[in-house]
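Have a look at the structure below, then the notes.
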Amino acid sequence: MTLPMTVPAPGLPTRVRIHEVGPRDGLQNEQALVPVAIKAEFIRRLAEAGLTTVEATSFVHPKWVPQLADAEELMPLIDDVAARLPVLVPNERGLDRALTLGAREIAVFASATESFAKANLNRTVDGALEMFEPVVAKAKDAGVAVRGYLSMCFGDPWEGQVPISQTVSVSRRLLDMGCDEISLGDTIGVATAGHVRELLATLNEAGVTNDRLAVHFHDTYGQALANTLAALQHGVTTVDASAGGLGGCPYAKSATGNLATEDLVWMLDGLGIETGVDIGRLTATSVWMARHLGRPSPSRTVRALSQKET
């Protein structure tokens, strides 16, 4: 593959870590239940394509996310995968389940808005943060890294615009309780590049450095890559993406798929930014998973590259 042509742009990082969320954030929004052996193979193939961080599953109660009810079965099947394999936990019980199975990285899932906190966690923002405090403390005591997901950072389907100060405040509280990294979620895909720059600058002013931040964009309005580029220009070097563009959000129906990992890698390859990802192997993996899901991948790069091969 000789394309895209590499043309670096000034002011960008030399390397980006992609935090792959397809097996967890992607598959949790699928209507069909994917067999555990297929999930394990999906994770293995993603790692073999060069992704160094692959979010594996969630230890949420099966009643709420039945698509990931097989977490206990999955973890032993992937314990030899050569990648970081973080898992999502909602509370202390979920953390205990994850630790028992050898998880070395976990994530908690907070909200910048009251409406989404109520819809997703059935709690207030403050109540959710209070619930997470002992979870984070216990994880840190066990030597486990903790990521804090923060949803609705750029807009909320019930509340509309979300003040930047509100997002900064909750981000700061997650870091203060011990989270190592905050993933800023554009859950319904309404962010634009200027908004991204302003939020990141304000977080920096509040003492949150770029190395503690990741960005998580949805492509509802076709802005995910533009927003990612704005974040890279600001100095952020961790980007969440989902192989084949899988995913949405079960608690926010206006949320469409995540930024496709292939679309991200195509852009980064063209900019000469290292990721360690083989886009050919990654595309083949997404095509393989799309067959199991019974529908084509929404990723434009997957469609373009797979059509060239047929």
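All residue names refer to the structure tokens as shown: chains lettered A, B, ... in order, residues numbered from 1 in each chain, ligands numbered from 1 in order.
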
Can you pull out every residue within 9 Å of Ala56 in chain A, counting only C-alpha atoms, but drop anything in the same chain fewer than 2 positions away, and send it as a tab-separated table (two decimals) with C-alpha atoms, in the first residue's frame?
chain	number	residue	atom	x	y	z
A	20	GLU	CA	-9.15	0.85	21.07
A	21	VAL	CA	-12.70	0.60	22.47
A	22	GLY	CA	-14.41	-1.64	19.90
A	23	PRO	CA	-14.69	-4.82	21.99
A	24	ARG	CA	-16.30	-2.94	24.87
A	39	LYS	CA	-14.93	-11.56	21.10
A	40	ALA	CA	-11.67	-13.16	22.21
A	43	ILE	CA	-9.34	-8.72	20.70
A	54	VAL	CA	-7.62	-2.77	23.68
A	58	SER	CA	-17.24	-4.36	31.15
A	71	ALA	CA	-16.83	-10.97	31.04
A	74	LEU	CA	-13.78	-13.80	28.24
A	75	MET	CA	-10.90	-12.77	30.49
A	78	ILE	CA	-7.27	-13.36	26.41
A	85	LEU	CA	-6.53	-4.82	28.34
A	86	PRO	CA	-8.44	-2.32	30.50
A	87	VAL	CA	-12.00	-3.13	31.61
A	88	LEU	CA	-14.90	-0.92	32.68

Problem - Contact residues around Arg84 in chain A with only C-alpha atoms at 8 Å, ignoring same-chain residues under 5 positions, as a VMD selection string - result: chain A and resid 52 to 55 105

Take the residues that were just selected and, keeping N, CA, C and O atoms, output them as a compact mmCIF listing (two decimals), in the first residue's frame.
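The new file result-v6.txt reads:
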# COMPACT_ATOMS: atom_id res chain seq x y z
N THR A 52 -1.95 -1.32 20.93
CA THR A 52 -1.30 -1.65 22.20
C THR A 52 -2.24 -1.55 23.39
O THR A 52 -1.92 -2.03 24.48
N THR A 53 -3.40 -0.92 23.21
CA THR A 53 -4.41 -0.82 24.25
C THR A 53 -5.74 -1.22 23.65
O THR A 53 -6.22 -0.58 22.71
N VAL A 54 -6.34 -2.28 24.18
CA VAL A 54 -7.62 -2.77 23.68
C VAL A 54 -8.56 -2.97 24.87
O VAL A 54 -8.35 -3.86 25.68
N GLU A 55 -9.55 -2.10 24.97
CA GLU A 55 -10.49 -2.20 26.09
C GLU A 55 -11.36 -3.43 25.89
O GLU A 55 -12.09 -3.54 24.90
N GLU A 105 -5.85 -2.88 34.61
CA GLU A 105 -6.30 -1.52 34.33
C GLU A 105 -7.82 -1.52 34.33
O GLU A 105 -8.44 -2.41 33.76

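For the residues A:Ser297, A:Thr187, A:Ser111, A:Thr275, ranking by smallest atom-to-atom distance to Thr124 in chain A using only C-alpha atoms places A:Ser111 first.
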
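Here the residues within range 133-293 of chain A that DSSP labels strand (DSSP E or B) on the basis of the backbone are Ala145, Val146, Arg147, Gly148, Tyr149, Leu150, Ser151, Asp156, Gly160, Glu181, Ile182, Ser183, Leu184, Gly185, Asp186, Leu213, Ala214, Val215, His216, Phe217, His218, Thr238, Val239, Asp240, Ala241, Ser242, Asn258, Ala260 and Glu274 of chain A.
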
Let's have the selection written as a PDB file, in the first residue's frame, with N, CA and C atoms.
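Okay, this is what ended up in out-v1.pdb:
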ATOM      1  N   ALA A 145      -4.075   0.630  37.364  1.00  0.00           N
ATOM      2  CA  ALA A 145      -4.261   1.940  36.744  1.00  0.00           C
ATOM      3  C   ALA A 145      -5.749   2.213  36.545  1.00  0.00           C
ATOM      4  N   VAL A 146      -6.126   3.492  36.668  1.00  0.00           N
ATOM      5  CA  VAL A 146      -7.545   3.866  36.578  1.00  0.00           C
ATOM      6  C   VAL A 146      -7.734   4.982  35.555  1.00  0.00           C
ATOM      7  N   ARG A 147      -8.647   4.745  34.627  1.00  0.00           N
ATOM      8  CA  ARG A 147      -9.052   5.765  33.663  1.00  0.00           C
ATOM      9  C   ARG A 147     -10.429   6.271  34.070  1.00  0.00           C
ATOM     10  N   GLY A 148     -10.657   7.555  33.938  1.00  0.00           N
ATOM     11  CA  GLY A 148     -11.968   8.122  34.186  1.00  0.00           C
ATOM     12  C   GLY A 148     -12.606   8.567  32.885  1.00  0.00           C
ATOM     13  N   TYR A 149     -13.665   7.880  32.474  1.00  0.00           N
ATOM     14  CA  TYR A 149     -14.434   8.340  31.318  1.00  0.00           C
ATOM     15  C   TYR A 149     -15.369   9.453  31.774  1.00  0.00           C
ATOM     16  N   LEU A 150     -15.431  10.507  31.000  1.00  0.00           N
ATOM     17  CA  LEU A 150     -16.353  11.595  31.302  1.00  0.00           C
ATOM     18  C   LEU A 150     -17.242  11.838  30.086  1.00  0.00           C
ATOM     19  N   SER A 151     -18.527  11.510  30.236  1.00  0.00           N
ATOM     20  CA  SER A 151     -19.475  11.640  29.134  1.00  0.00           C
ATOM     21  C   SER A 151     -20.076  13.034  29.060  1.00  0.00           C
ATOM     22  N   ASP A 156     -25.342  17.770  25.609  1.00  0.00           N
ATOM     23  CA  ASP A 156     -26.192  16.779  26.255  1.00  0.00           C
ATOM     24  C   ASP A 156     -27.556  16.777  25.554  1.00  0.00           C
ATOM     25  N   GLY A 160     -28.745  20.263  26.432  1.00  0.00           N
ATOM     26  CA  GLY A 160     -28.180  21.123  25.396  1.00  0.00           C
ATOM     27  C   GLY A 160     -26.716  21.437  25.659  1.00  0.00           C
ATOM     28  N   GLU A 181      -5.964   9.086  34.198  1.00  0.00           N
ATOM     29  CA  GLU A 181      -6.245   9.672  32.890  1.00  0.00           C
ATOM     30  C   GLU A 181      -7.733   9.961  32.779  1.00  0.00           C
ATOM     31  N   ILE A 182      -8.060  11.036  32.074  1.00  0.00           N
ATOM     32  CA  ILE A 182      -9.460  11.371  31.812  1.00  0.00           C
ATOM     33  C   ILE A 182      -9.696  11.305  30.316  1.00  0.00           C
ATOM     34  N   SER A 183     -10.719  10.564  29.929  1.00  0.00           N
ATOM     35  CA  SER A 183     -11.132  10.504  28.530  1.00  0.00           C
ATOM     36  C   SER A 183     -12.343  11.410  28.359  1.00  0.00           C
ATOM     37  N   LEU A 184     -12.183  12.451  27.570  1.00  0.00           N
ATOM     38  CA  LEU A 184     -13.226  13.456  27.370  1.00  0.00           C
ATOM     39  C   LEU A 184     -14.163  12.995  26.262  1.00  0.00           C
ATOM     40  N   GLY A 185     -15.397  12.669  26.626  1.00  0.00           N
ATOM     41  CA  GLY A 185     -16.321  12.070  25.682  1.00  0.00           C
ATOM     42  C   GLY A 185     -17.281  13.046  25.031  1.00  0.00           C
ATOM     43  N   ASP A 186     -17.286  13.030  23.705  1.00  0.00           N
ATOM     44  CA  ASP A 186     -18.303  13.765  22.942  1.00  0.00           C
ATOM     45  C   ASP A 186     -19.397  12.751  22.591  1.00  0.00           C
ATOM     46  N   LEU A 213      -4.803  13.455  29.591  1.00  0.00           N
ATOM     47  CA  LEU A 213      -6.048  13.574  28.836  1.00  0.00           C
ATOM     48  C   LEU A 213      -6.080  12.663  27.610  1.00  0.00           C
ATOM     49  N   ALA A 214      -7.279  12.185  27.307  1.00  0.00           N
ATOM     50  CA  ALA A 214      -7.556  11.479  26.058  1.00  0.00           C
ATOM     51  C   ALA A 214      -8.831  12.074  25.486  1.00  0.00           C
ATOM     52  N   VAL A 215      -9.047  11.892  24.204  1.00  0.00           N
ATOM     53  CA  VAL A 215     -10.280  12.390  23.581  1.00  0.00           C
ATOM     54  C   VAL A 215     -11.047  11.223  22.968  1.00  0.00           C
ATOM     55  N   HIS A 216     -12.378  11.335  23.044  1.00  0.00           N
ATOM     56  CA  HIS A 216     -13.265  10.242  22.617  1.00  0.00           C
ATOM     57  C   HIS A 216     -14.412  10.876  21.828  1.00  0.00           C
ATOM     58  N   PHE A 217     -14.278  10.848  20.506  1.00  0.00           N
ATOM     59  CA  PHE A 217     -15.252  11.537  19.659  1.00  0.00           C
ATOM     60  C   PHE A 217     -16.179  10.560  18.934  1.00  0.00           C
ATOM     61  N   HIS A 218     -17.426  10.965  18.817  1.00  0.00           N
ATOM     62  CA  HIS A 218     -18.400  10.267  17.980  1.00  0.00           C
ATOM     63  C   HIS A 218     -18.601  11.092  16.710  1.00  0.00           C
ATOM     64  N   THR A 238      -3.348  10.836  23.176  1.00  0.00           N
ATOM     65  CA  THR A 238      -4.123   9.603  23.333  1.00  0.00           C
ATOM     66  C   THR A 238      -5.509   9.827  22.746  1.00  0.00           C
ATOM     67  N   VAL A 239      -5.880   8.962  21.805  1.00  0.00           N
ATOM     68  CA  VAL A 239      -7.155   9.109  21.094  1.00  0.00           C
ATOM     69  C   VAL A 239      -7.916   7.791  21.171  1.00  0.00           C
ATOM     70  N   ASP A 240      -9.161   7.846  21.601  1.00  0.00           N
ATOM     71  CA  ASP A 240     -10.027   6.673  21.611  1.00  0.00           C
ATOM     72  C   ASP A 240     -10.617   6.470  20.224  1.00  0.00           C
ATOM     73  N   ALA A 241     -10.737   5.220  19.822  1.00  0.00           N
ATOM     74  CA  ALA A 241     -11.361   4.905  18.539  1.00  0.00           C
ATOM     75  C   ALA A 241     -11.861   3.470  18.585  1.00  0.00           C
ATOM     76  N   SER A 242     -12.749   3.151  17.659  1.00  0.00           N
ATOM     77  CA  SER A 242     -13.387   1.839  17.644  1.00  0.00           C
ATOM     78  C   SER A 242     -13.222   1.205  16.266  1.00  0.00           C
ATOM     79  N   ASN A 258     -18.688   5.470  17.185  1.00  0.00           N
ATOM     80  CA  ASN A 258     -17.418   6.090  17.550  1.00  0.00           C
ATOM     81  C   ASN A 258     -16.603   6.409  16.301  1.00  0.00           C
ATOM     82  N   ALA A 260     -14.017   5.772  13.790  1.00  0.00           N
ATOM     83  CA  ALA A 260     -13.476   4.486  13.338  1.00  0.00           C
ATOM     84  C   ALA A 260     -11.955   4.494  13.432  1.00  0.00           C
ATOM     85  N   GLU A 274       3.320   8.249  14.109  1.00  0.00           N
ATOM     86  CA  GLU A 274       3.437   6.818  14.388  1.00  0.00           C
ATOM     87  C   GLU A 274       2.314   6.331  15.299  1.00  0.00           C
TER      88      GLU A 274
END

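Taking CA of Leu33 in chain A and CA of Arg303 in chain A as the two end points, the separation is 23.8 Å.
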
Exercise for the section: Could you give me, as a ChimeraX atom specification, each residue of range 96-189 of chain A that DSSP assigns to helix (DSSP H, G or I) when run on this structure's backbone? Expected result: /A:96-100,114-121,125-141,164-176

Practice task
Determine the nearest neighbour of Leu271 in chain A from the options A:Leu12, A:Leu3, A:Ala128, A:Val136, counting only C-alpha atoms.
Solution key: A:Leu12

Problem - Contacts of Gly178 in chain A within 12 Å, only C-alpha atoms, excl. fewer than 5 positions in-chain, as a list of chain:residue names - result: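 Within the cut-off, the hits are A:Ala107, A:Val108, A:Leu129, A:Phe132, A:Glu133, A:Pro134, A:Val135, A:Val136, A:Ala137, A:Lys138, A:Ala139, A:Lys140, A:Asp141, A:Gly143, A:Val144, A:Ala145, A:Val146, A:Arg147, A:Gly148, A:Ser171, A:Arg172, A:Arg173, A:Arg212.
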
Handout entry: Selection near Leu68 in chain A, 7 Å with only C-alpha atoms, sequence-local residues under 6 positions removed, as a PyMOL selection string
Key = chain A and resi 28+57-58+62

Practice task
Using only C-alpha atoms, pick whichever of A:Val36, A:Ala49, A:Ala284, A:Asn91 has the shortest atom-to-atom distance to Pro76 in chain A.
Solution key: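 Checking each candidate against Pro76 in chain A, we get A:Val36 as the closest.
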